[in-house]
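Next comes run.txt, a file with compact mmCIF, C-alpha atoms.
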# COMPACT_ATOMS: atom_id res chain seq x y z
CA MET A 1 0.00 0.00 0.00
CA PRO A 2 1.26 3.52 -0.69
CA SER A 3 2.36 5.45 2.39
CA ALA A 4 0.21 8.29 3.68
CA PRO A 5 1.22 11.79 2.54
CA LEU A 6 3.59 13.70 4.77
CA ALA A 7 2.15 16.58 6.77
CA THR A 8 4.70 19.21 5.77
CA VAL A 9 2.68 22.42 6.04
CA ILE A 10 2.90 23.72 9.62
CA THR A 11 0.26 26.21 10.78
CA PRO A 12 0.40 27.57 14.34
CA VAL A 13 -2.97 27.48 16.06
CA THR A 14 -4.28 31.03 16.34
CA ALA A 15 -7.54 32.57 17.52
CA ASP A 16 -9.06 32.74 14.04
CA LEU A 17 -9.02 28.93 13.83
CA VAL A 18 -10.83 28.36 17.16
CA ARG A 19 -14.57 28.42 17.83
CA GLY A 20 -16.52 27.93 21.05
CA ALA A 21 -13.90 29.40 23.41
CA LEU A 22 -14.29 32.74 25.18
CA ASP A 23 -10.60 33.24 25.88
CA LEU A 24 -7.29 31.86 24.61
CA GLU A 25 -4.31 31.90 26.95
CA GLU A 26 -0.73 31.79 25.72
CA THR A 27 1.08 29.17 27.83
CA PRO A 28 4.45 27.40 27.58
CA ASP A 29 2.56 24.35 26.29
CA GLY A 30 0.61 26.20 23.62
CA LEU A 31 -2.65 28.09 23.18
CA LEU A 32 -5.02 27.08 25.99
CA PRO A 33 -8.76 27.52 25.34
CA HIS A 34 -10.88 28.81 28.22
CA ARG A 35 -14.64 28.89 28.46
CA LEU A 36 -14.60 31.80 30.89
CA PRO A 37 -12.76 35.09 30.29
CA ALA A 38 -9.73 35.97 32.41
CA TRP A 39 -11.58 38.58 34.48
CA ALA A 40 -14.21 35.99 35.45
CA ARG A 41 -11.60 33.37 36.33
CA ALA A 42 -9.94 35.91 38.61
CA GLN A 43 -13.12 36.21 40.67
CA CYS A 44 -13.14 32.57 41.79
CA THR A 45 -10.31 30.45 43.16
CA ASP A 46 -12.26 27.16 43.22
CA GLY A 47 -10.16 24.36 41.73
CA GLN A 48 -13.18 22.47 40.40
CA LEU A 49 -14.32 25.44 38.32
CA ALA A 50 -10.76 26.12 37.14
CA MET A 51 -10.52 22.56 35.84
CA ALA A 52 -14.01 22.51 34.33
CA GLU A 53 -13.82 25.79 32.42
CA SER A 54 -10.40 24.80 31.03
CA GLN A 55 -11.77 21.54 29.63
CA PRO A 56 -12.80 22.51 26.09
CA SER A 57 -16.32 21.13 25.83
CA GLY A 58 -17.77 22.42 22.56
CA VAL A 59 -14.49 24.02 21.50
CA ARG A 60 -13.33 23.15 17.99
CA LEU A 61 -10.93 24.17 15.28
CA ALA A 62 -12.55 25.12 11.97
CA PHE A 63 -10.64 25.66 8.73
CA ARG A 64 -10.75 25.28 4.95
CA THR A 65 -8.21 23.10 3.19
CA ARG A 66 -7.58 20.63 0.38
CA ALA A 67 -5.38 18.54 2.66
CA THR A 68 -5.76 14.76 2.71
CA VAL A 69 -3.90 14.43 6.02
CA VAL A 70 -4.33 16.58 9.11
CA GLU A 71 -2.33 16.34 12.31
CA LEU A 72 -3.04 18.42 15.40
CA GLU A 73 -0.21 18.74 17.90
CA THR A 74 -1.49 19.23 21.45
CA VAL A 75 -0.51 18.93 25.09
CA PRO A 76 -3.45 17.24 26.85
CA THR A 77 -3.93 16.95 30.60
CA LYS A 78 -5.29 13.55 31.58
CA ARG A 79 -6.84 12.61 34.95
CA VAL A 80 -6.25 9.48 37.02
CA HIS A 81 -8.36 8.68 40.11
CA VAL A 82 -6.60 6.66 42.80
CA GLY A 83 -8.36 3.33 43.25
CA ALA A 84 -10.56 3.72 40.16
CA PRO A 85 -10.13 2.06 36.76
CA PRO A 86 -8.07 4.05 34.23
CA ARG A 87 -10.11 6.64 32.36
CA PRO A 88 -10.13 6.31 28.58
CA ASP A 89 -8.17 8.94 26.71
CA GLY A 90 -10.23 11.88 25.52
CA LEU A 91 -11.51 11.70 21.97
CA TYR A 92 -11.10 14.24 19.17
CA ASP A 93 -13.93 14.21 16.63
CA LEU A 94 -13.24 15.11 12.99
CA LEU A 95 -16.01 16.59 10.85
CA VAL A 96 -15.65 17.20 7.11
CA ASP A 97 -18.28 19.55 5.72
CA GLY A 98 -20.34 18.87 8.83
CA ARG A 99 -20.23 15.08 8.61
CA PRO A 100 -18.36 12.73 10.98
CA ALA A 101 -15.10 11.62 9.37
CA GLY A 102 -12.92 10.18 12.12
CA GLN A 103 -11.93 9.97 15.76
CA ALA A 104 -8.57 9.84 17.51
CA SER A 105 -6.90 10.30 20.88
CA ALA A 106 -3.70 12.14 21.69
CA THR A 107 -0.74 10.45 23.31
CA GLY A 108 1.59 12.18 25.74
CA GLY A 109 0.61 15.14 27.82
CA HIS A 110 0.43 15.83 31.54
CA THR A 111 -1.23 13.58 34.13
CA VAL A 112 -3.14 14.74 37.20
CA THR A 113 -3.54 12.04 39.86
CA ILE A 114 -6.51 12.70 42.14
CA ASP A 115 -7.08 11.05 45.52
CA MET A 116 -10.80 11.46 46.11
CA SER A 117 -10.53 10.37 49.74
CA THR A 118 -8.30 13.35 50.56
CA GLY A 119 -8.96 15.75 47.71
CA ASN A 120 -5.25 15.92 46.91
CA ALA A 121 -4.11 16.20 43.29
CA GLU A 122 -0.59 15.86 41.91
CA MET A 123 0.58 16.91 38.45
CA SER A 124 3.13 14.88 36.47
CA PRO A 125 4.38 16.72 33.36
CA GLY A 126 4.61 14.99 30.01
CA PRO A 127 5.47 15.67 26.36
CA ALA A 128 3.33 17.00 23.56
CA GLY A 129 1.25 14.52 21.61
CA ALA A 130 -0.69 14.57 18.37
CA VAL A 131 -3.79 13.26 16.66
CA ARG A 132 -3.64 12.32 12.98
CA PHE A 133 -6.41 11.96 10.41
CA ASP A 134 -5.62 10.83 6.87
CA GLY A 135 -7.49 9.65 3.82
CA LEU A 136 -9.45 12.91 3.57
CA PRO A 137 -10.80 13.90 0.15
CA ALA A 138 -8.42 16.06 -1.87
CA THR A 139 -11.10 18.70 -2.41
CA ASP A 140 -11.71 22.12 -0.94
CA LYS A 141 -13.64 21.46 2.27
CA THR A 142 -14.42 22.69 5.77
CA VAL A 143 -12.69 20.66 8.45
CA GLU A 144 -13.59 20.80 12.12
CA ILE A 145 -11.69 19.13 14.94
CA TRP A 146 -13.75 19.02 18.15
CA LEU A 147 -11.54 18.84 21.22
CA PRO A 148 -12.10 16.37 24.08
CA TYR A 149 -14.75 17.67 26.44
CA ASN A 150 -12.97 16.14 29.44
CA GLU A 151 -9.26 16.93 28.86
CA ILE A 152 -7.59 20.29 29.26
CA THR A 153 -5.94 20.71 25.87
CA ALA A 154 -3.19 23.15 24.91
CA LEU A 155 -3.06 23.67 21.14
CA VAL A 156 0.33 23.83 19.42
CA ALA A 157 0.08 23.53 15.63
CA LEU A 158 -1.65 21.96 12.65
CA ARG A 159 0.42 19.87 10.28
CA THR A 160 -1.14 19.20 6.89
CA ASP A 161 -0.16 18.31 3.33
CA ALA A 162 -1.84 21.43 1.93
CA PRO A 163 -2.35 24.99 3.19
CA VAL A 164 -5.18 25.83 5.59
CA GLU A 165 -7.15 29.00 6.15
CA PRO A 166 -9.76 29.90 8.77
CA ALA A 167 -13.26 28.79 7.90
CA PRO A 168 -15.59 31.70 7.11
CA ALA A 169 -18.41 32.52 9.50
CA SER A 170 -21.23 30.04 9.10
CA GLY A 171 -24.02 32.61 9.26
CA ARG A 172 -25.86 30.38 11.72
CA ARG A 173 -27.34 31.62 14.97
CA THR A 174 -25.21 31.36 18.10
CA TRP A 175 -26.60 29.39 21.05
CA VAL A 176 -25.02 30.01 24.46
CA HIS A 177 -25.84 27.28 26.96
CA HIS A 178 -24.92 27.15 30.65
CA GLY A 179 -25.28 24.11 32.86
CA SER A 180 -23.63 21.46 35.03
CA SER A 181 -21.46 18.43 34.29
CA ILE A 182 -24.35 16.91 32.34
CA SER A 183 -24.20 19.87 29.94
CA HIS A 184 -20.40 19.77 30.09
CA GLY A 185 -20.46 16.20 28.76
CA SER A 186 -20.33 13.84 31.76
CA ASP A 187 -20.20 10.35 30.24
CA ALA A 188 -20.99 11.18 26.60
CA ALA A 189 -19.29 9.09 23.95
CA SER A 190 -17.35 11.94 22.33
CA PRO A 191 -17.24 15.75 21.99
CA THR A 192 -19.84 15.92 19.22
CA THR A 193 -22.22 13.62 21.12
CA THR A 194 -22.65 15.56 24.33
CA TRP A 195 -26.31 16.45 24.50
CA PRO A 196 -25.73 20.19 23.76
CA ALA A 197 -23.56 19.34 20.73
CA LEU A 198 -26.21 16.95 19.42
CA ALA A 199 -28.96 19.52 19.95
CA ALA A 200 -26.90 22.25 18.26
CA ALA A 201 -26.34 20.05 15.22
CA ALA A 202 -30.04 19.23 15.02
CA GLY A 203 -30.98 22.89 15.37
CA GLY A 204 -28.39 24.15 12.89
CA VAL A 205 -26.77 26.57 15.33
CA GLU A 206 -23.27 27.43 16.52
CA LEU A 207 -22.71 26.21 20.08
CA VAL A 208 -20.96 28.03 22.91
CA ASN A 209 -21.05 25.49 25.73
CA LEU A 210 -20.74 26.99 29.20
CA GLY A 211 -21.54 23.72 30.95
CA PHE A 212 -19.13 23.49 33.88
CA GLY A 213 -18.83 20.21 35.77
CA GLY A 214 -19.82 20.76 39.41
CA SER A 215 -20.01 24.51 38.88
CA ALA A 216 -23.44 25.65 37.67
CA LEU A 217 -23.94 27.63 40.88
CA LEU A 218 -25.57 30.92 39.79
CA ASP A 219 -22.22 32.68 40.05
CA PRO A 220 -22.60 36.39 39.19
CA PHE A 221 -19.47 36.35 37.00
CA VAL A 222 -21.04 33.64 34.85
CA ALA A 223 -24.16 35.76 34.38
CA ARG A 224 -21.99 38.71 33.37
CA THR A 225 -20.07 36.49 30.97
CA ILE A 226 -23.31 35.44 29.28
CA ARG A 227 -24.47 39.06 29.28
CA ASP A 228 -21.34 40.09 27.38
CA THR A 229 -21.18 37.14 24.95
CA PRO A 230 -22.86 37.58 21.53
CA ALA A 231 -25.86 35.25 21.49
CA ASP A 232 -28.99 34.71 19.45
CA LEU A 233 -30.29 32.01 21.82
CA ILE A 234 -29.59 31.37 25.51
CA SER A 235 -30.44 28.47 27.78
CA LEU A 236 -29.71 27.81 31.44
CA LYS A 237 -29.90 24.40 33.07
CA ILE A 238 -30.02 25.08 36.79
CA GLY A 239 -30.31 22.97 39.91
CA ILE A 240 -28.32 19.80 40.33
CA ASN A 241 -25.09 21.51 41.40
CA LEU A 242 -26.94 23.66 43.93
CA VAL A 243 -28.08 20.42 45.58
CA ASN A 244 -24.73 18.62 45.06
CA THR A 245 -22.82 21.31 46.91
CA ASP A 246 -25.51 22.17 49.47
CA LEU A 247 -24.66 25.73 48.49
CA MET A 248 -27.76 27.68 49.48
CA ARG A 249 -31.18 27.42 51.08
CA LEU A 250 -34.57 27.96 49.50
CA ARG A 251 -34.73 31.53 50.81
CA ALA A 252 -31.69 32.46 48.71
CA LEU A 253 -32.58 30.54 45.55
CA GLY A 254 -35.37 32.71 44.14
CA PRO A 255 -33.52 36.03 44.50
CA ALA A 256 -30.34 34.44 43.11
CA VAL A 257 -32.19 33.22 40.01
CA HIS A 258 -33.81 36.64 39.58
CA GLY A 259 -30.41 38.33 39.84
CA PHE A 260 -28.83 35.92 37.35
CA LEU A 261 -31.63 36.56 34.85
CA ASP A 262 -31.55 40.33 35.46
CA THR A 263 -27.85 40.43 34.60
CA ILE A 264 -28.30 38.41 31.41
CA ARG A 265 -31.20 40.62 30.38
CA ASP A 266 -28.98 43.70 30.80
CA GLY A 267 -27.09 42.52 27.71
CA HIS A 268 -29.74 40.46 25.94
CA PRO A 269 -33.11 42.09 26.66
CA ASP A 270 -35.04 40.32 23.89
CA THR A 271 -33.00 37.16 23.23
CA PRO A 272 -34.96 33.90 23.55
CA LEU A 273 -33.97 32.53 26.97
CA LEU A 274 -34.94 29.04 28.10
CA VAL A 275 -34.61 28.01 31.76
CA VAL A 276 -34.41 24.23 32.19
CA SER A 277 -34.84 22.56 35.55
CA PRO A 278 -32.96 19.36 36.54
CA ILE A 279 -33.41 16.04 34.82
CA LEU A 280 -34.46 13.16 37.05
CA CYS A 281 -31.85 12.06 39.60
CA PRO A 282 -33.60 9.71 42.04
CA MET A 283 -31.14 10.03 44.89
CA HIS A 284 -31.70 13.80 45.12
CA GLU A 285 -35.36 14.14 44.18
CA ASP A 286 -36.34 14.52 47.84
CA THR A 287 -33.01 14.10 49.65
CA PRO A 288 -30.78 17.15 50.03
CA GLY A 289 -27.07 17.25 49.43
CA PRO A 290 -24.23 17.40 49.68
CA THR A 291 -23.39 14.68 47.20
CA ALA A 292 -20.60 12.38 48.34
CA PHE A 293 -18.42 9.76 46.72
CA ASP A 294 -19.57 6.21 47.41
CA PHE A 295 -16.27 4.84 48.66
CA SER A 296 -17.71 1.33 49.05
CA ARG A 297 -18.08 1.12 45.29
CA LEU A 298 -14.77 2.89 44.71
CA ALA A 299 -13.09 0.01 46.51
CA GLU A 300 -14.65 -2.25 43.86
CA GLY A 301 -13.20 -0.09 41.10
CA GLU A 302 -16.41 1.82 40.35
CA LEU A 303 -16.94 5.57 40.50
CA SER A 304 -20.31 6.32 42.08
CA PHE A 305 -22.06 8.91 44.22
CA THR A 306 -24.53 9.03 47.08
CA ALA A 307 -26.78 11.64 48.70
CA SER A 308 -25.54 12.42 52.19
CA GLY A 309 -28.24 14.86 53.29
CA ASP A 310 -31.23 14.19 55.54
CA PRO A 311 -34.74 14.49 54.04
CA GLU A 312 -35.92 15.95 57.34
CA GLU A 313 -33.76 19.02 56.66
CA ARG A 314 -36.08 20.11 53.85
CA ALA A 315 -38.12 21.88 56.50
CA ALA A 316 -35.13 24.12 57.19
CA GLY A 317 -34.93 25.09 53.52
CA LYS A 318 -32.33 22.61 52.31
CA LEU A 319 -32.66 22.17 48.57
CA THR A 320 -33.79 19.06 46.76
CA LEU A 321 -34.40 18.71 43.05
CA ASN A 322 -38.16 18.91 43.53
CA ALA A 323 -37.77 22.10 45.55
CA VAL A 324 -35.53 23.62 42.87
CA ARG A 325 -37.98 22.71 40.10
CA GLU A 326 -40.90 24.33 41.92
CA GLU A 327 -38.94 27.54 42.56
CA LEU A 328 -37.63 27.80 38.99
CA GLU A 329 -41.12 27.33 37.58
CA ARG A 330 -42.46 30.00 39.96
CA VAL A 331 -39.75 32.53 39.13
CA VAL A 332 -40.00 32.06 35.37
CA ALA A 333 -43.81 32.23 35.41
CA ALA A 334 -43.71 35.50 37.35
CA ARG A 335 -41.12 37.09 35.04
CA ALA A 336 -42.66 35.78 31.80
CA LYS A 337 -45.68 38.06 32.36
CA ASP A 338 -43.43 40.95 31.33
CA ASP A 339 -40.84 38.99 29.34
CA PRO A 340 -42.41 37.15 26.39
CA HIS A 341 -39.02 35.76 25.34
CA LEU A 342 -38.45 33.91 28.62
CA HIS A 343 -39.40 30.22 28.69
CA HIS A 344 -39.33 27.27 31.08
CA LEU A 345 -38.84 23.53 30.56
CA ASP A 346 -39.13 20.85 33.23
CA GLY A 347 -35.93 18.79 32.86
CA ARG A 348 -37.86 15.57 33.43
CA ALA A 349 -39.30 16.05 29.95
CA LEU A 350 -35.75 15.39 28.73
CA TYR A 351 -35.01 12.50 31.10
CA GLY A 352 -37.66 11.21 33.50
CA GLU A 353 -38.90 8.12 35.31
CA GLU A 354 -39.37 5.95 32.21
CA ASP A 355 -35.98 6.96 30.85
CA HIS A 356 -34.31 6.09 34.15
CA ALA A 357 -35.92 2.67 34.09
CA GLU A 358 -34.50 2.04 30.62
CA LEU A 359 -31.24 4.02 30.84
CA PRO A 360 -30.29 4.32 34.53
CA LEU A 361 -27.58 6.74 35.59
CA PRO A 362 -24.47 4.52 35.80
CA ASP A 363 -22.91 6.42 38.70
CA ARG A 364 -26.30 7.55 40.09
CA LEU A 365 -25.61 11.12 38.94
CA HIS A 366 -24.62 11.36 35.26
CA PRO A 367 -26.34 10.07 32.10
CA ASP A 368 -24.51 7.68 29.81
CA ALA A 369 -23.91 8.08 26.08
CA ALA A 370 -27.34 6.74 25.08
CA ALA A 371 -29.08 9.07 27.53
CA HIS A 372 -27.07 12.04 26.22
CA ARG A 373 -28.37 11.29 22.75
CA ARG A 374 -31.94 11.06 24.01
CA ILE A 375 -31.67 14.32 25.96
CA GLY A 376 -30.15 16.11 22.97
CA GLU A 377 -32.83 14.87 20.60
CA ARG A 378 -35.63 15.84 22.97
CA PHE A 379 -34.17 19.27 23.66
CA ALA A 380 -33.87 19.95 19.93
CA ALA A 381 -37.39 18.68 19.27
CA HIS A 382 -38.74 21.03 21.93
CA ALA A 383 -36.58 24.11 21.47
CA PHE A 384 -36.14 24.29 17.70
CA ALA A 385 -39.55 23.02 16.60
CA ALA A 386 -42.14 25.35 15.10
CA GLY A 387 -43.58 27.31 17.99
CA GLY A 388 -40.68 26.34 20.26
CA PRO A 389 -38.64 28.90 22.19
CA PHE A 390 -35.77 28.74 19.68
CA ALA A 391 -37.90 28.47 16.54
CA GLY A 392 -36.57 30.28 13.48
CA ALA A 393 -34.21 29.82 10.57
CA GLY A 394 -31.32 27.67 11.67
CA GLY A 395 -28.85 28.82 9.08
What does this structure look like when you write it as structure tokens?
Amino acid sequence: MPSAPLATVITPVTADLVRGALDLEETPDGLLPHRLPAWARAQCTDGQLAMAESQPSGVRLAFRTRATVVELETVPTKRVHVGAPPRPDGLYDLLVDGRPAGQASATGGHTVTIDMSTGNAEMSPGPAGAVRFDGLPATDKTVEIWLPYNEITALVALRTDAPVEPAPASGRRTWVHHGSSISHGSDAASPTTTWPALAAAAGGVELVNLGFGGSALLDPFVARTIRDTPADLISLKIGINLVNTDLMRLRALGPAVHGFLDTIRDGHPDTPLLVVSPILCPMHEDTPGPTAFDFSRLAEGELSFTASGDPEERAAGKLTLNAVREELERVVAARAKDDPHLHHLDGRALYGEEDHAELPLPDRLHPDAAAHRRIGERFAAHAFAAGGPFAGAGG
């Protein structure tokens, strides 16, 4: 068989090749995509948020080329949990003219070893790696490389066998979505099959995914980020992390949601805005947080979670998913009287009792790949359908 062409054209990764990131940081490893701007990152020192916003869920490179071989040099950061099975390497999805055309993982990179019993994390540095795709058609085409949703990824350079240039603007509407680890990607099969990526593809829109694992906490700097980000469509999936972290009581929830929406409306007064309450999570439907690791299952090599709160504490205002859903519905209904572009969706319409019976949450908290697909399809069918909150020309 003839050998694959050599990738001899080297193109440094620059901002005009990257979509879905709100900031790009120059680092010794390369260009690091962020999903929060620097000023917002400076307002919070939480390590969980720092990790989550640096994982490039929804971030992709987009360029035009006649190349038949494309290599992307990166420095990934991989995670290892002490006592748990090795995590699979993050996947890079290749799209050619919008159609799936390959998958690959990058070798090398740094490793973070996390001890969940103590919370300690240690970094071991490693070399740059690369992903390679060959056998592409030798025609002028748009190529997208979607980065792993669960690996911090510094971008170094593209190596191709023909020149590349930034892809022109698609002309499609921009959808900004904010949510928890489920929106971030949780246990989806790949970066283009997280539920927001699937819904964006079905709706024909450009995705900016502000789903932050463990960190959808009504932070004011996130609201200001959304306020300042160009958007034609906005959605917020609120609730599970407020229960996970036992962050606030019912008394604080309503005003916090109002304040979050007020800030967004300062920059997007008429943009369609959909508030989505939590999907079904049986362990927290009526049991407050905080959520804890189930160390009994960790000893068996399984990553799982448990609800450590006391249902009796609901009387003191501790949040459960049912309490959050009721408050979100109340707040949105009150505001929608004067805001015709504000909408509400009960998350159990995306994943409810029947879905849990068929596709249970493997770790009791996050949906699997099949459930991501179902959630994405249902969101698209609701939001982008005629008469839906995001109805309109999709590009």
Tell me, in Å to one decimal, how far CA of His341 (chain A) is from CA of Pro389 (chain A). 7.6 Å
Mind listing whatever residues come within 12 Å of the point (-44.0, 32.8, 24.0)? Use all atoms listed in the file, file coordinates, and give them as a list in words. Asp270, Thr271, Pro272, Leu273, Leu274, Ala333, Ala336, Lys337, Asp338, Asp339, Pro340, His341, Leu342, His343, His344, Ala383, Ala386, Gly387, Gly388, Pro389, Phe390 and Ala391 of chain A
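Of the listed residues A:Trp39, A:Arg64, A:Val96, A:Leu31, the one whose atoms come nearest to Pro76 (chain A) is A:Leu31, with distances taken using all atoms listed in the file.
Minimum atom-to-atom distances from A:Ser308, A:Asn150, A:Ser170, A:Ser277 to Gly347 (chain A) were compared using all atoms listed in the file, and the lowest value belongs to A:Ser277.
Comparing A:Leu49, A:Val257, A:Ile152, A:Leu319 by their smallest distance to Ile238 (chain A), the closest is A:Val257 (using only C-alpha atoms).
The interatomic distance for the pair CA of Leu155 (chain A) and CA of Pro191 (chain A) works out to 16.3 Å.
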Show which residues sit within 10 Å of Leu361 (chain A), as a PDB file with C-alpha atoms, in the coordinates of the input. Count all atoms listed in the file, and ignore same-chain residues fewer than 3 positions away.
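As a result, result-v8.pdb now contains:
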ATOM      1  CA  ASP A 187     -20.200  10.350  30.240  1.00  0.00           C
ATOM      2  CA  LEU A 280     -34.460  13.160  37.050  1.00  0.00           C
ATOM      3  CA  CYS A 281     -31.850  12.060  39.600  1.00  0.00           C
ATOM      4  CA  PRO A 282     -33.600   9.710  42.040  1.00  0.00           C
ATOM      5  CA  SER A 304     -20.310   6.320  42.080  1.00  0.00           C
ATOM      6  CA  ASP A 355     -35.980   6.960  30.850  1.00  0.00           C
ATOM      7  CA  HIS A 356     -34.310   6.090  34.150  1.00  0.00           C
ATOM      8  CA  ALA A 357     -35.920   2.670  34.090  1.00  0.00           C
ATOM      9  CA  GLU A 358     -34.500   2.040  30.620  1.00  0.00           C
ATOM     10  CA  ARG A 364     -26.300   7.550  40.090  1.00  0.00           C
ATOM     11  CA  LEU A 365     -25.610  11.120  38.940  1.00  0.00           C
ATOM     12  CA  HIS A 366     -24.620  11.360  35.260  1.00  0.00           C
ATOM     13  CA  PRO A 367     -26.340  10.070  32.100  1.00  0.00           C
ATOM     14  CA  ASP A 368     -24.510   7.680  29.810  1.00  0.00           C
ATOM     15  CA  ALA A 371     -29.080   9.070  27.530  1.00  0.00           C
TER      16      ALA A 371
END
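Nearest-residue note for Arg330 (chain A): choosing from A:Glu165, A:Asp346, A:Glu144, A:Glu25, the minimum distance belongs to A:Asp346, counting all atoms listed in the file.
Closest to Ser296 (chain A) among A:Thr142, A:Ser117, A:Thr263, A:Thr320 is A:Ser117, based on all atoms listed in the file.
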So which residues are close to (-26.2, 27.5, 28.6), meaning at most 10 Å away in the file's coordinates with all atoms listed in the file counted, and can you show them as a PyMOL selection string? chain A and resi 175-180+183-184+196+207-212+216+226+233-238+273-276
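Once region 245-247 of chain A and its same-chain neighbours fewer than 2 positions away are set aside, Asn241, Leu242, Val243, Gly289 and Pro290 of chain A remain within 6 Å of it when counting only C-alpha atoms.
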Could you write out that same residue set with C-alpha atoms as a compact mmCIF listing (two decimals), in the coordinates of the input?
# COMPACT_ATOMS: atom_id res chain seq x y z
CA ASN A 241 -25.09 21.51 41.40
CA LEU A 242 -26.94 23.66 43.93
CA VAL A 243 -28.08 20.42 45.58
CA GLY A 289 -27.07 17.25 49.43
CA PRO A 290 -24.23 17.40 49.68
Using 3 Å of padding on each side, determine the axis-aligned box around all atoms of region 213-220 of chain A present in the file and give its centre and edge lengths in Å to one decimal, as lines of an AutoDock Vina configuration file.
center_x = -22.2
center_y = 28.3
center_z = 38.3
size_x = 12.7
size_y = 22.2
size_z = 11.1
If we count only C-alpha atoms and set the cut-off at 10 Å, which residues sit around Gly109 (chain A), ignoring sequence neighbours fewer than 6 positions away in its own chain? Please answer as a ChimeraX atom specification. /A:29,74-78,124-130,152-154
Could those residues be written to a file, using C-alpha atoms, as a compact mmCIF listing (two decimals), in the coordinates of the input?
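Once everything was written out, this is out.txt:
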# COMPACT_ATOMS: atom_id res chain seq x y z
CA ASP A 29 2.56 24.35 26.29
CA THR A 74 -1.49 19.23 21.45
CA VAL A 75 -0.51 18.93 25.09
CA PRO A 76 -3.45 17.24 26.85
CA THR A 77 -3.93 16.95 30.60
CA LYS A 78 -5.29 13.55 31.58
CA SER A 124 3.13 14.88 36.47
CA PRO A 125 4.38 16.72 33.36
CA GLY A 126 4.61 14.99 30.01
CA PRO A 127 5.47 15.67 26.36
CA ALA A 128 3.33 17.00 23.56
CA GLY A 129 1.25 14.52 21.61
CA ALA A 130 -0.69 14.57 18.37
CA ILE A 152 -7.59 20.29 29.26
CA THR A 153 -5.94 20.71 25.87
CA ALA A 154 -3.19 23.15 24.91
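Near region 54-62 of chain A, within a cut-off of 6 Å and counting only C-alpha atoms, sit the residues Leu17, Val18, Arg19, Gly20, Ala21, His34, Val143, Glu144, Ile145, Trp146, Leu147, Tyr149, Asn150, Glu151, Ile152, Ala167 and Asn209 of chain A, with same-chain residues fewer than 5 positions away left out.
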Pull C-alpha atoms from the residues just selected and write them as a CSV table (one decimal), in the coordinates of the input.
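Writing done, so here's again-v6.csv:
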chain,number,residue,atom,x,y,z
A,17,LEU,CA,-9.0,28.9,13.8
A,18,VAL,CA,-10.8,28.4,17.2
A,19,ARG,CA,-14.6,28.4,17.8
A,20,GLY,CA,-16.5,27.9,21.0
A,21,ALA,CA,-13.9,29.4,23.4
A,34,HIS,CA,-10.9,28.8,28.2
A,143,VAL,CA,-12.7,20.7,8.4
A,144,GLU,CA,-13.6,20.8,12.1
A,145,ILE,CA,-11.7,19.1,14.9
A,146,TRP,CA,-13.8,19.0,18.2
A,147,LEU,CA,-11.5,18.8,21.2
A,149,TYR,CA,-14.8,17.7,26.4
A,150,ASN,CA,-13.0,16.1,29.4
A,151,GLU,CA,-9.3,16.9,28.9
A,152,ILE,CA,-7.6,20.3,29.3
A,167,ALA,CA,-13.3,28.8,7.9
A,209,ASN,CA,-21.0,25.5,25.7
Using all atoms listed in the file, which protein or nucleic acid residues come within 7 Å of Thr160 (chain A)? Drop anything in the same chain fewer than 2 positions from it, and give the result as number ranges by chain. A: 7-10, 67, 69-71, 158, 162-163
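Taking CA of Pro86 (chain A) as the reference point, CA of Leu72 (chain A) is found at 24.2 Å.
Ranking A:Gly392, A:Pro360, A:Pro37, A:Gly47 by their shortest atom-to-atom distance to Thr225 (chain A), with all atoms listed in the file included, puts A:Pro37 first.
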